[in-house]
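S.K.: See protein01.cif below, with mmCIF, C-alpha atoms and all ligand atoms.
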```cif
data_my_file
#
loop_
_atom_site.group_PDB
_atom_site.id
_atom_site.type_symbol
_atom_site.label_atom_id
_atom_site.label_comp_id
_atom_site.auth_asym_id
_atom_site.auth_seq_id
_atom_site.Cartn_x
_atom_site.Cartn_y
_atom_site.Cartn_z
ATOM 1 C CA MET A 4 -8.502 -30.282 -30.929
ATOM 2 C CA SER A 5 -6.553 -32.808 -32.874
ATOM 3 C CA ARG A 6 -7.066 -31.539 -36.432
ATOM 4 C CA GLY A 7 -8.028 -28.407 -38.315
ATOM 5 C CA ARG A 8 -7.368 -24.853 -37.113
ATOM 6 C CA PRO A 9 -6.114 -24.395 -33.546
ATOM 7 C CA ALA A 10 -8.970 -23.851 -31.097
ATOM 8 C CA PRO A 11 -9.439 -20.333 -29.670
ATOM 9 C CA GLU A 12 -8.668 -19.922 -25.978
ATOM 10 C CA GLY A 13 -11.432 -21.241 -23.709
ATOM 11 C CA ASP A 14 -12.990 -23.236 -26.578
ATOM 12 C CA ARG A 15 -14.772 -26.367 -25.339
ATOM 13 C CA TYR A 16 -16.391 -27.083 -28.705
ATOM 14 C CA LEU A 17 -16.496 -30.872 -29.092
ATOM 15 C CA PHE A 18 -16.246 -31.022 -32.867
ATOM 16 C CA PRO A 19 -13.276 -30.461 -35.203
ATOM 17 C CA ARG A 20 -12.881 -26.901 -36.485
ATOM 18 C CA GLU A 21 -12.918 -27.948 -40.139
ATOM 19 C CA PRO A 22 -14.796 -26.760 -43.260
ATOM 20 C CA ARG A 23 -16.886 -29.934 -43.267
ATOM 21 C CA GLU A 24 -18.124 -29.050 -39.750
ATOM 22 C CA LEU A 25 -19.535 -25.836 -41.274
ATOM 23 C CA ASP A 26 -21.287 -27.933 -43.943
ATOM 24 C CA ARG A 27 -22.730 -30.137 -41.191
ATOM 25 C CA LEU A 28 -24.068 -27.119 -39.275
ATOM 26 C CA ASP A 29 -25.756 -25.799 -42.429
ATOM 27 C CA VAL A 30 -27.419 -29.179 -43.080
ATOM 28 C CA GLN A 31 -28.600 -29.211 -39.457
ATOM 29 C CA HIS A 32 -29.954 -25.664 -39.859
ATOM 30 C CA TYR A 33 -32.030 -26.665 -42.923
ATOM 31 C CA ALA A 34 -33.388 -29.729 -41.096
ATOM 32 C CA LEU A 35 -34.376 -27.704 -38.015
ATOM 33 C CA ARG A 36 -35.937 -24.912 -40.072
ATOM 34 C CA GLU A 37 -38.030 -27.417 -41.959
ATOM 35 C CA ALA A 38 -38.995 -29.434 -38.882
ATOM 36 C CA LEU A 39 -40.073 -26.318 -36.941
ATOM 37 C CA GLY A 40 -41.594 -24.672 -40.015
ATOM 38 C CA ALA A 41 -39.798 -21.437 -39.073
ATOM 39 C CA ASN A 42 -36.481 -19.964 -37.957
ATOM 40 C CA TYR A 43 -37.904 -19.024 -34.538
ATOM 41 C CA LEU A 44 -41.091 -19.558 -32.556
ATOM 42 C CA ALA A 45 -41.232 -16.420 -30.370
ATOM 43 C CA PRO A 46 -44.076 -14.042 -31.352
ATOM 44 C CA LEU A 47 -41.845 -11.296 -32.790
ATOM 45 C CA ARG A 48 -43.369 -8.100 -34.200
ATOM 46 C CA HIS A 49 -40.790 -5.940 -35.980
ATOM 47 C CA PRO A 50 -37.425 -6.470 -34.289
ATOM 48 C CA ALA A 51 -34.892 -3.767 -35.141
ATOM 49 C CA SER A 52 -31.914 -5.555 -33.565
ATOM 50 C CA ILE A 53 -31.277 -9.291 -33.321
ATOM 51 C CA LEU A 54 -28.417 -11.194 -31.665
ATOM 52 C CA ASP A 55 -27.490 -14.819 -32.371
ATOM 53 C CA VAL A 56 -25.130 -16.202 -29.716
ATOM 54 C CA GLY A 57 -22.986 -19.108 -30.970
ATOM 55 C CA SER A 58 -23.880 -18.180 -34.539
ATOM 56 C CA GLY A 59 -21.837 -21.010 -36.133
ATOM 57 C CA THR A 60 -21.802 -20.615 -39.920
ATOM 58 C CA GLY A 61 -24.096 -17.558 -39.668
ATOM 59 C CA ARG A 62 -26.806 -19.259 -41.723
ATOM 60 C CA TRP A 63 -29.612 -18.650 -39.194
ATOM 61 C CA ALA A 64 -28.580 -14.997 -38.797
ATOM 62 C CA CYS A 65 -28.540 -14.523 -42.589
ATOM 63 C CA ASP A 66 -32.044 -15.997 -42.850
ATOM 64 C CA LEU A 67 -33.154 -13.447 -40.243
ATOM 65 C CA CYS A 68 -31.456 -10.657 -42.253
ATOM 66 C CA GLY A 69 -33.714 -11.680 -45.151
ATOM 67 C CA GLU A 70 -36.847 -11.894 -43.002
ATOM 68 C CA PHE A 71 -36.179 -8.516 -41.363
ATOM 69 C CA PRO A 72 -34.234 -6.455 -43.927
ATOM 70 C CA GLY A 73 -34.629 -3.326 -41.771
ATOM 71 C CA ALA A 74 -33.072 -4.996 -38.727
ATOM 72 C CA LEU A 75 -29.426 -5.204 -37.732
ATOM 73 C CA VAL A 76 -28.537 -8.861 -37.116
ATOM 74 C CA VAL A 77 -25.421 -9.644 -35.077
ATOM 75 C CA GLY A 78 -23.748 -13.057 -35.013
ATOM 76 C CA PHE A 79 -21.539 -13.733 -31.992
ATOM 77 C CA ASP A 80 -19.162 -16.701 -31.830
ATOM 78 C CA LEU A 81 -15.684 -17.849 -30.852
ATOM 79 C CA VAL A 82 -14.874 -18.212 -34.551
ATOM 80 C CA PRO A 83 -16.170 -16.451 -37.697
ATOM 81 C CA GLY A 84 -18.569 -18.371 -39.944
ATOM 82 C CA ARG A 85 -18.787 -18.237 -43.716
ATOM 83 C CA GLY A 86 -17.722 -15.371 -46.025
ATOM 84 C CA ASP A 87 -20.411 -13.480 -47.972
ATOM 85 C CA ARG A 88 -22.913 -11.671 -45.772
ATOM 86 C CA PRO A 89 -26.008 -9.478 -46.203
ATOM 87 C CA VAL A 90 -25.447 -5.741 -45.585
ATOM 88 C CA ASN A 91 -27.490 -5.832 -42.373
ATOM 89 C CA TYR A 92 -25.276 -8.552 -40.798
ATOM 90 C CA ARG A 93 -22.375 -7.987 -38.412
ATOM 91 C CA PHE A 94 -20.109 -10.547 -36.794
ATOM 92 C CA VAL A 95 -18.650 -10.024 -33.332
ATOM 93 C CA ARG A 96 -16.047 -12.439 -32.067
ATOM 94 C CA GLY A 97 -16.031 -13.431 -28.411
ATOM 95 C CA ASN A 98 -16.654 -15.994 -25.720
ATOM 96 C CA VAL A 99 -20.064 -15.870 -24.069
ATOM 97 C CA LEU A 100 -18.499 -17.463 -20.972
ATOM 98 C CA HIS A 101 -16.643 -14.164 -20.493
ATOM 99 C CA GLY A 102 -19.873 -12.131 -20.828
ATOM 100 C CA LEU A 103 -21.400 -10.421 -23.867
ATOM 101 C CA PRO A 104 -19.728 -7.190 -25.071
ATOM 102 C CA PHE A 105 -23.053 -5.352 -25.487
ATOM 103 C CA LEU A 106 -24.869 -2.805 -23.368
ATOM 104 C CA GLU A 107 -27.897 -3.783 -21.312
ATOM 105 C CA GLY A 108 -31.108 -3.815 -23.389
ATOM 106 C CA SER A 109 -29.342 -3.645 -26.790
ATOM 107 C CA PHE A 110 -31.449 -6.220 -28.693
ATOM 108 C CA ASP A 111 -35.132 -6.842 -29.464
ATOM 109 C CA PHE A 112 -34.508 -10.558 -29.983
ATOM 110 C CA VAL A 113 -31.707 -12.755 -28.612
ATOM 111 C CA HIS A 114 -31.372 -16.299 -29.918
ATOM 112 C CA GLN A 115 -29.041 -19.109 -28.885
ATOM 113 C CA ARG A 116 -29.123 -22.570 -30.445
ATOM 114 C CA LEU A 117 -27.268 -25.794 -29.632
ATOM 115 C CA LEU A 118 -24.563 -24.620 -27.243
ATOM 116 C CA ALA A 119 -25.452 -26.866 -24.285
ATOM 117 C CA ALA A 120 -23.980 -30.077 -25.659
ATOM 118 C CA SER A 121 -21.163 -28.399 -27.550
ATOM 119 C CA GLY A 122 -19.669 -25.486 -25.662
ATOM 120 C CA ILE A 123 -21.281 -24.195 -22.463
ATOM 121 C CA PRO A 124 -20.626 -26.180 -19.277
ATOM 122 C CA LEU A 125 -23.629 -26.997 -17.093
ATOM 123 C CA THR A 126 -22.237 -24.894 -14.240
ATOM 124 C CA SER A 127 -22.107 -21.799 -16.485
ATOM 125 C CA TRP A 128 -25.584 -22.183 -17.967
ATOM 126 C CA SER A 129 -27.515 -19.910 -15.548
ATOM 127 C CA GLY A 130 -24.892 -17.178 -15.889
ATOM 128 C CA VAL A 131 -25.084 -17.349 -19.692
ATOM 129 C CA VAL A 132 -28.900 -17.150 -19.698
ATOM 130 C CA GLY A 133 -28.584 -14.140 -17.367
ATOM 131 C CA GLU A 134 -26.290 -12.489 -19.929
ATOM 132 C CA LEU A 135 -28.765 -13.174 -22.773
ATOM 133 C CA VAL A 136 -31.522 -11.552 -20.718
ATOM 134 C CA ARG A 137 -29.330 -8.581 -19.738
ATOM 135 C CA VAL A 138 -28.696 -7.585 -23.368
ATOM 136 C CA THR A 139 -32.401 -7.975 -24.305
ATOM 137 C CA ARG A 140 -34.447 -4.764 -24.171
ATOM 138 C CA PRO A 141 -37.499 -4.704 -21.864
ATOM 139 C CA GLY A 142 -40.376 -6.206 -23.885
ATOM 140 C CA GLY A 143 -37.925 -8.096 -26.143
ATOM 141 C CA TRP A 144 -37.671 -11.886 -26.545
ATOM 142 C CA VAL A 145 -35.040 -14.532 -25.737
ATOM 143 C CA GLU A 146 -35.232 -17.917 -27.487
ATOM 144 C CA LEU A 147 -33.203 -21.049 -26.706
ATOM 145 C CA VAL A 148 -33.044 -24.234 -28.781
ATOM 146 C CA GLU A 149 -31.381 -27.409 -27.460
ATOM 147 C CA VAL A 150 -31.244 -31.112 -28.191
ATOM 148 C CA ASP A 151 -31.266 -34.088 -25.850
ATOM 149 C CA PRO A 152 -28.088 -35.796 -27.067
ATOM 150 C CA TRP A 153 -29.662 -39.177 -27.642
ATOM 151 C CA LEU A 154 -31.511 -41.294 -30.207
ATOM 152 C CA GLU A 155 -34.996 -42.607 -29.478
ATOM 153 C CA PRO A 156 -34.943 -45.548 -29.828
ATOM 154 C CA ALA A 157 -31.259 -46.471 -30.158
ATOM 155 C CA GLY A 158 -29.695 -49.801 -31.150
ATOM 156 C CA PRO A 159 -26.423 -51.210 -29.747
ATOM 157 C CA ALA A 160 -24.106 -49.331 -32.164
ATOM 158 C CA GLY A 161 -25.934 -46.026 -31.605
ATOM 159 C CA ARG A 162 -25.794 -46.547 -27.862
ATOM 160 C CA GLN A 163 -22.044 -47.252 -27.981
ATOM 161 C CA LEU A 164 -21.295 -44.141 -30.065
ATOM 162 C CA PHE A 165 -23.481 -41.875 -27.927
ATOM 163 C CA GLU A 166 -21.907 -43.230 -24.733
ATOM 164 C CA LEU A 167 -18.448 -42.333 -26.071
ATOM 165 C CA ALA A 168 -19.691 -38.838 -26.984
ATOM 166 C CA TRP A 169 -21.190 -38.419 -23.497
ATOM 167 C CA LYS A 170 -17.876 -39.471 -21.920
ATOM 168 C CA LEU A 171 -15.969 -37.008 -24.100
ATOM 169 C CA GLY A 172 -18.416 -34.186 -23.302
ATOM 170 C CA ARG A 173 -18.471 -34.920 -19.577
ATOM 171 C CA SER A 174 -14.668 -34.745 -19.447
ATOM 172 C CA ARG A 175 -15.061 -31.100 -20.596
ATOM 173 C CA GLY A 176 -17.839 -30.283 -18.122
ATOM 174 C CA ILE A 177 -20.486 -30.384 -20.857
ATOM 175 C CA ASP A 178 -24.028 -31.527 -19.987
ATOM 176 C CA MET A 179 -24.588 -34.803 -21.798
ATOM 177 C CA ALA A 180 -27.468 -35.972 -19.602
ATOM 178 C CA GLY A 181 -30.071 -33.638 -21.132
ATOM 179 C CA THR A 182 -30.353 -31.609 -17.886
ATOM 180 C CA ILE A 183 -30.312 -28.291 -19.762
ATOM 181 C CA PHE A 184 -32.625 -29.658 -22.454
ATOM 182 C CA ARG A 185 -35.227 -30.544 -19.808
ATOM 183 C CA SER A 186 -34.946 -27.266 -17.900
ATOM 184 C CA LEU A 187 -34.725 -24.742 -20.778
ATOM 185 C CA ASP A 188 -38.015 -23.018 -19.903
ATOM 186 C CA LEU A 189 -37.264 -23.154 -16.168
ATOM 187 C CA HIS A 190 -33.986 -21.292 -16.776
ATOM 188 C CA LEU A 191 -35.840 -18.547 -18.650
ATOM 189 C CA ARG A 192 -38.374 -18.176 -15.817
ATOM 190 C CA ARG A 193 -35.607 -18.120 -13.211
ATOM 191 C CA ALA A 194 -33.877 -15.371 -15.197
ATOM 192 C CA GLY A 195 -37.023 -13.245 -14.761
ATOM 193 C CA LEU A 196 -38.703 -13.700 -18.171
ATOM 194 C CA MET A 197 -42.475 -13.827 -18.563
ATOM 195 C CA ASP A 198 -44.830 -15.443 -21.097
ATOM 196 C CA VAL A 199 -42.402 -18.378 -21.214
ATOM 197 C CA ALA A 200 -43.387 -21.204 -23.589
ATOM 198 C CA ARG A 201 -41.759 -24.530 -24.436
ATOM 199 C CA HIS A 202 -42.203 -26.718 -27.519
ATOM 200 C CA GLU A 203 -40.685 -30.140 -28.074
ATOM 201 C CA VAL A 204 -40.278 -31.847 -31.427
ATOM 202 C CA ARG A 205 -39.040 -35.334 -32.218
ATOM 203 C CA ILE A 206 -37.128 -34.974 -35.469
ATOM 204 C CA PRO A 207 -36.773 -38.182 -37.533
ATOM 205 C CA ILE A 208 -33.275 -39.419 -38.274
ATOM 206 C CA GLY A 209 -32.701 -41.361 -41.496
ATOM 207 C CA GLU A 210 -34.253 -41.894 -44.910
ATOM 208 C CA TRP A 211 -37.350 -43.396 -43.278
ATOM 209 C CA GLY A 212 -38.218 -39.846 -42.136
ATOM 210 C CA GLY A 213 -38.348 -38.298 -45.643
ATOM 211 C CA ARG A 214 -36.450 -35.099 -46.483
ATOM 212 C CA ILE A 215 -36.051 -33.911 -42.883
ATOM 213 C CA GLY A 216 -34.965 -37.373 -41.733
ATOM 214 C CA SER A 217 -32.471 -37.587 -44.553
ATOM 215 C CA LEU A 218 -30.953 -34.187 -43.634
ATOM 216 C CA MET A 219 -30.797 -35.155 -39.958
ATOM 217 C CA GLY A 220 -29.195 -38.485 -40.860
ATOM 218 C CA SER A 221 -26.469 -36.683 -42.860
ATOM 219 C CA ASN A 222 -25.961 -34.318 -39.938
ATOM 220 C CA LEU A 223 -25.569 -37.091 -37.369
ATOM 221 C CA ARG A 224 -23.320 -39.171 -39.621
ATOM 222 C CA ALA A 225 -21.046 -36.156 -40.171
ATOM 223 C CA LEU A 226 -21.129 -35.309 -36.457
ATOM 224 C CA PHE A 227 -19.883 -38.759 -35.447
ATOM 225 C CA ALA A 228 -17.418 -38.938 -38.343
ATOM 226 C CA GLY A 229 -15.901 -35.755 -36.845
ATOM 227 C CA LEU A 230 -15.668 -37.451 -33.445
ATOM 228 C CA CYS A 231 -13.797 -40.556 -34.677
ATOM 229 C CA ALA A 232 -10.409 -38.797 -34.220
ATOM 230 C CA PRO A 233 -11.106 -37.690 -30.604
ATOM 231 C CA PHE A 234 -12.548 -41.176 -29.888
ATOM 232 C CA GLN A 235 -9.283 -42.695 -31.067
ATOM 233 C CA GLU A 236 -7.182 -40.195 -29.113
ATOM 234 C CA ARG A 237 -9.142 -40.434 -25.863
ATOM 235 C CA PHE A 238 -10.493 -43.995 -25.852
ATOM 236 C CA GLY A 239 -8.284 -45.875 -28.324
ATOM 237 C CA LEU A 240 -11.183 -46.647 -30.691
ATOM 238 C CA ALA A 241 -9.619 -47.586 -34.055
ATOM 239 C CA PRO A 242 -10.864 -45.464 -37.012
ATOM 240 C CA ALA A 243 -12.041 -48.609 -38.871
ATOM 241 C CA GLU A 244 -14.084 -49.670 -35.833
ATOM 242 C CA CYS A 245 -15.566 -46.184 -35.539
ATOM 243 C CA CYS A 246 -16.538 -46.382 -39.217
ATOM 244 C CA GLN A 247 -18.186 -49.785 -38.715
ATOM 245 C CA LEU A 248 -20.142 -48.493 -35.725
ATOM 246 C CA LEU A 249 -21.311 -45.538 -37.809
ATOM 247 C CA THR A 250 -22.556 -47.810 -40.582
ATOM 248 C CA ALA A 251 -24.296 -50.048 -38.048
ATOM 249 C CA MET A 252 -25.907 -47.029 -36.342
ATOM 250 C CA GLN A 253 -27.306 -45.884 -39.699
ATOM 251 C CA ARG A 254 -28.800 -49.320 -40.279
ATOM 252 C CA GLU A 255 -30.304 -49.247 -36.796
ATOM 253 C CA TRP A 256 -31.964 -45.848 -37.163
ATOM 254 C CA GLU A 257 -33.587 -46.945 -40.416
ATOM 255 C CA GLU A 258 -34.858 -50.180 -38.837
ATOM 256 C CA LEU A 259 -35.961 -48.628 -35.537
ATOM 257 C CA HIS A 260 -37.269 -45.347 -36.991
ATOM 258 C CA SER A 261 -35.185 -43.333 -34.535
ATOM 259 C CA ALA A 262 -35.708 -39.656 -33.804
ATOM 260 C CA GLY A 263 -33.868 -36.880 -31.944
ATOM 261 C CA PRO A 264 -35.694 -34.806 -29.303
ATOM 262 C CA PHE A 265 -35.302 -31.009 -29.661
ATOM 263 C CA ALA A 266 -36.740 -28.312 -27.384
ATOM 264 C CA VAL A 267 -37.451 -24.647 -28.111
ATOM 265 C CA ALA A 268 -38.184 -22.271 -25.222
ATOM 266 C CA TYR A 269 -38.771 -18.545 -25.371
ATOM 267 C CA GLY A 270 -39.787 -15.769 -23.008
ATOM 268 C CA ARG A 271 -40.214 -11.998 -22.840
ATOM 269 C CA ARG A 272 -38.279 -9.581 -20.708
ATOM 270 C CA PRO A 273 -40.748 -7.617 -18.575
ATOM 271 C CA ASP A 274 -41.322 -3.968 -19.587
HETATM 272 C C1 LIG A 301 -23.280 -26.677 -32.442
HETATM 273 S S1 LIG A 301 -22.764 -25.119 -33.050
HETATM 274 C C2 LIG A 301 -24.349 -24.346 -33.354
HETATM 275 C C3 LIG A 301 -24.226 -23.175 -34.294
HETATM 276 C C4 LIG A 301 -25.545 -22.442 -34.568
HETATM 277 N N1 LIG A 301 -26.132 -21.914 -33.360
HETATM 278 C C5 LIG A 301 -26.520 -23.341 -35.247
HETATM 279 O O1 LIG A 301 -27.529 -23.724 -34.666
HETATM 280 O O2 LIG A 301 -26.265 -23.681 -36.427
HETATM 281 C C6 LIG A 301 -22.211 -24.268 -31.618
HETATM 282 C C7 LIG A 301 -21.528 -22.943 -31.944
HETATM 283 O O3 LIG A 301 -21.314 -22.259 -30.713
HETATM 284 C C8 LIG A 301 -20.022 -21.711 -30.699
HETATM 285 N N2 LIG A 301 -19.588 -21.630 -29.302
HETATM 286 C C9 LIG A 301 -19.279 -22.651 -28.474
HETATM 287 N N3 LIG A 301 -18.911 -22.187 -27.270
HETATM 288 C C10 LIG A 301 -18.989 -20.821 -27.356
HETATM 289 C C11 LIG A 301 -18.702 -19.788 -26.434
HETATM 290 N N4 LIG A 301 -18.274 -20.059 -25.217
HETATM 291 N N5 LIG A 301 -18.875 -18.492 -26.851
HETATM 292 C C12 LIG A 301 -19.312 -18.227 -28.106
HETATM 293 N N6 LIG A 301 -19.595 -19.173 -29.014
HETATM 294 C C13 LIG A 301 -19.430 -20.464 -28.651
HETATM 295 C C14 LIG A 301 -19.189 -22.673 -31.495
HETATM 296 O O4 LIG A 301 -18.019 -22.027 -31.990
HETATM 297 C C15 LIG A 301 -20.162 -23.077 -32.596
HETATM 298 O O5 LIG A 301 -20.059 -22.228 -33.704
#
```
Take the structure in the file and write it out as structure tokens.
Ligand SMILES: C[S@@+](CC[C@H](N)C(=O)[O-])C[C@H]1O[C@@H](n2cnc3c(N)ncnc32)[C@H](O)[C@@H]1O

M.R.:
Amino acid sequence: MSRGRPAPEGDRYLFPREPRELDRLDVQHYALREALGANYLAPLRHPASILDVGSGTGRWACDLCGEFPGALVVGFDLVPGRGDRPVNYRFVRGNVLHGLPFLEGSFDFVHQRLLAASGIPLTSWSGVVGELVRVTRPGGWVELVEVDPWLEPAGPAGRQLFELAWKLGRSRGIDMAGTIFRSLDLHLRRAGLMDVARHEVRIPIGEWGGRIGSLMGSNLRALFAGLCAPFQERFGLAPAECCQLLTAMQREWEELHSAGPFAVAYGRRPD
């Protein structure tokens, strides 16, 4: 990492560890919650214990604390999120690539969102899903949410910026080709889950898409603004040029009515 706090050991997170990255993740959370109409899609009854792997700012976990005030909600991440927390929230620091520090069958619901294109290498994906399933109690649910890192449709500036991001991700072993996105449900089935379901949503990006589009546009603008420093370091892209590309990409997504494809997959651990 070039700026912000030093990265924890084993951290492959693509984005700068800065306060504005936390703001971006919160904006993204609000956009996803609104686009999906819910914080999760699995048919939960009354979960007593919930785990969020790669909890980021902790915003999703705090929403779940409110929805299930009787449940214990655990956020797990390489780095802590924001400060104030509900009484039924706990944070556990760790690296999912080293395994989860919980006993088998500890949680009624295990959730993991947006780690494929930001932290978990393709080669580790099956092992990580296996860990999520291991800590889920029989009859409990696992839910995964991922994005295909691409704009549909994209203009020339968008294409150029995404290609740089793909190159950066690939150099860290991160799946930038949407392989995990496409096989989310397959991974859950392979890990032994049943009643597996998959939903895909195309979320608008830009003012043309109303409130959700506007939130997603802010998210994507902030995401690429955070990548301008690594783009300069790795590929020699001047900050002014990066800025121009960003402005052009925004214009393109308004003209082309671009959207981002997200997938949600969930499944139940057999009793
Ligand atoms: C793109 S953010 C998504 C945060 C949150 N899930 C959300 O949807 O708002 C990815 C998060 O995963 C965390 N992360 C990345 N690699 C990780 C790993 N190996 N173990 C634990 N957390 C990880 C990052 O620190 C970051 O907070």

S.K.: Please check which residues have atoms at most 9 Å from (-15.8, -32.9, -24.5) in the file's coordinates, counting only C-alpha atoms, and write them as JSON, numbers by chain.

M.R.: {"A": [15, 16, 17, 18, 120, 121, 122, 168, 169, 170, 171, 172, 173, 174, 175, 176, 177]}

S.K.: Restricting the calculation to only C-alpha atoms: of A:Gly84, A:Leu54, A:Ser261, A:Phe71, which residue gets closest to Glu134 of chain A?

M.R.: A:Leu54

S.K.: Report the distance between atom CA of Pro156 of chain A and atom CA of Gly263 of chain A in Å, rounded to one decimal place.

M.R.: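 Atom-to-atom, atom CA of Pro156 of chain A and atom CA of Gly263 of chain A are spaced 9.0 Å apart.
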
S.K.: Can you tell me, as a PyMOL selection string, what residues are no more than 8 Å from segment 265-270 of chain A when counting all atoms listed in the file, ignoring any on the same chain fewer than 2 positions away?

M.R.: chain A and resi 44-45+144-151+184+187-188+191-192+196-206+263+272

S.K.: May I have the residues within 7 Å of segment 218-230 of chain A as an MDAnalysis selection string, using all atoms listed in the file and disregarding those fewer than 2 positions away in the same chain?

M.R.: chainID A and resid 18:19 27 30:31 34 208:209 214:216 232:234 249

S.K.: Expand the PyMOL selection byres (((chain A and resi 159) around 10) and not hetatm) into the explicit residue set it covers here, and present it as number ranges by chain.

M.R.: A: 157-158, 160-165, 248, 251-252, 255

S.K.: If the limit is 8 Å from any atom of ligand LIG 301 (chain A), counting all atoms listed in the file, which residues qualify? Return them as a count of residues only.

M.R.: 36

S.K.: Report, in Å to a single decimal, how far apart atom CA of Asn42 of chain A and atom CA of Pro104 of chain A are.

M.R.: 24.7 Å
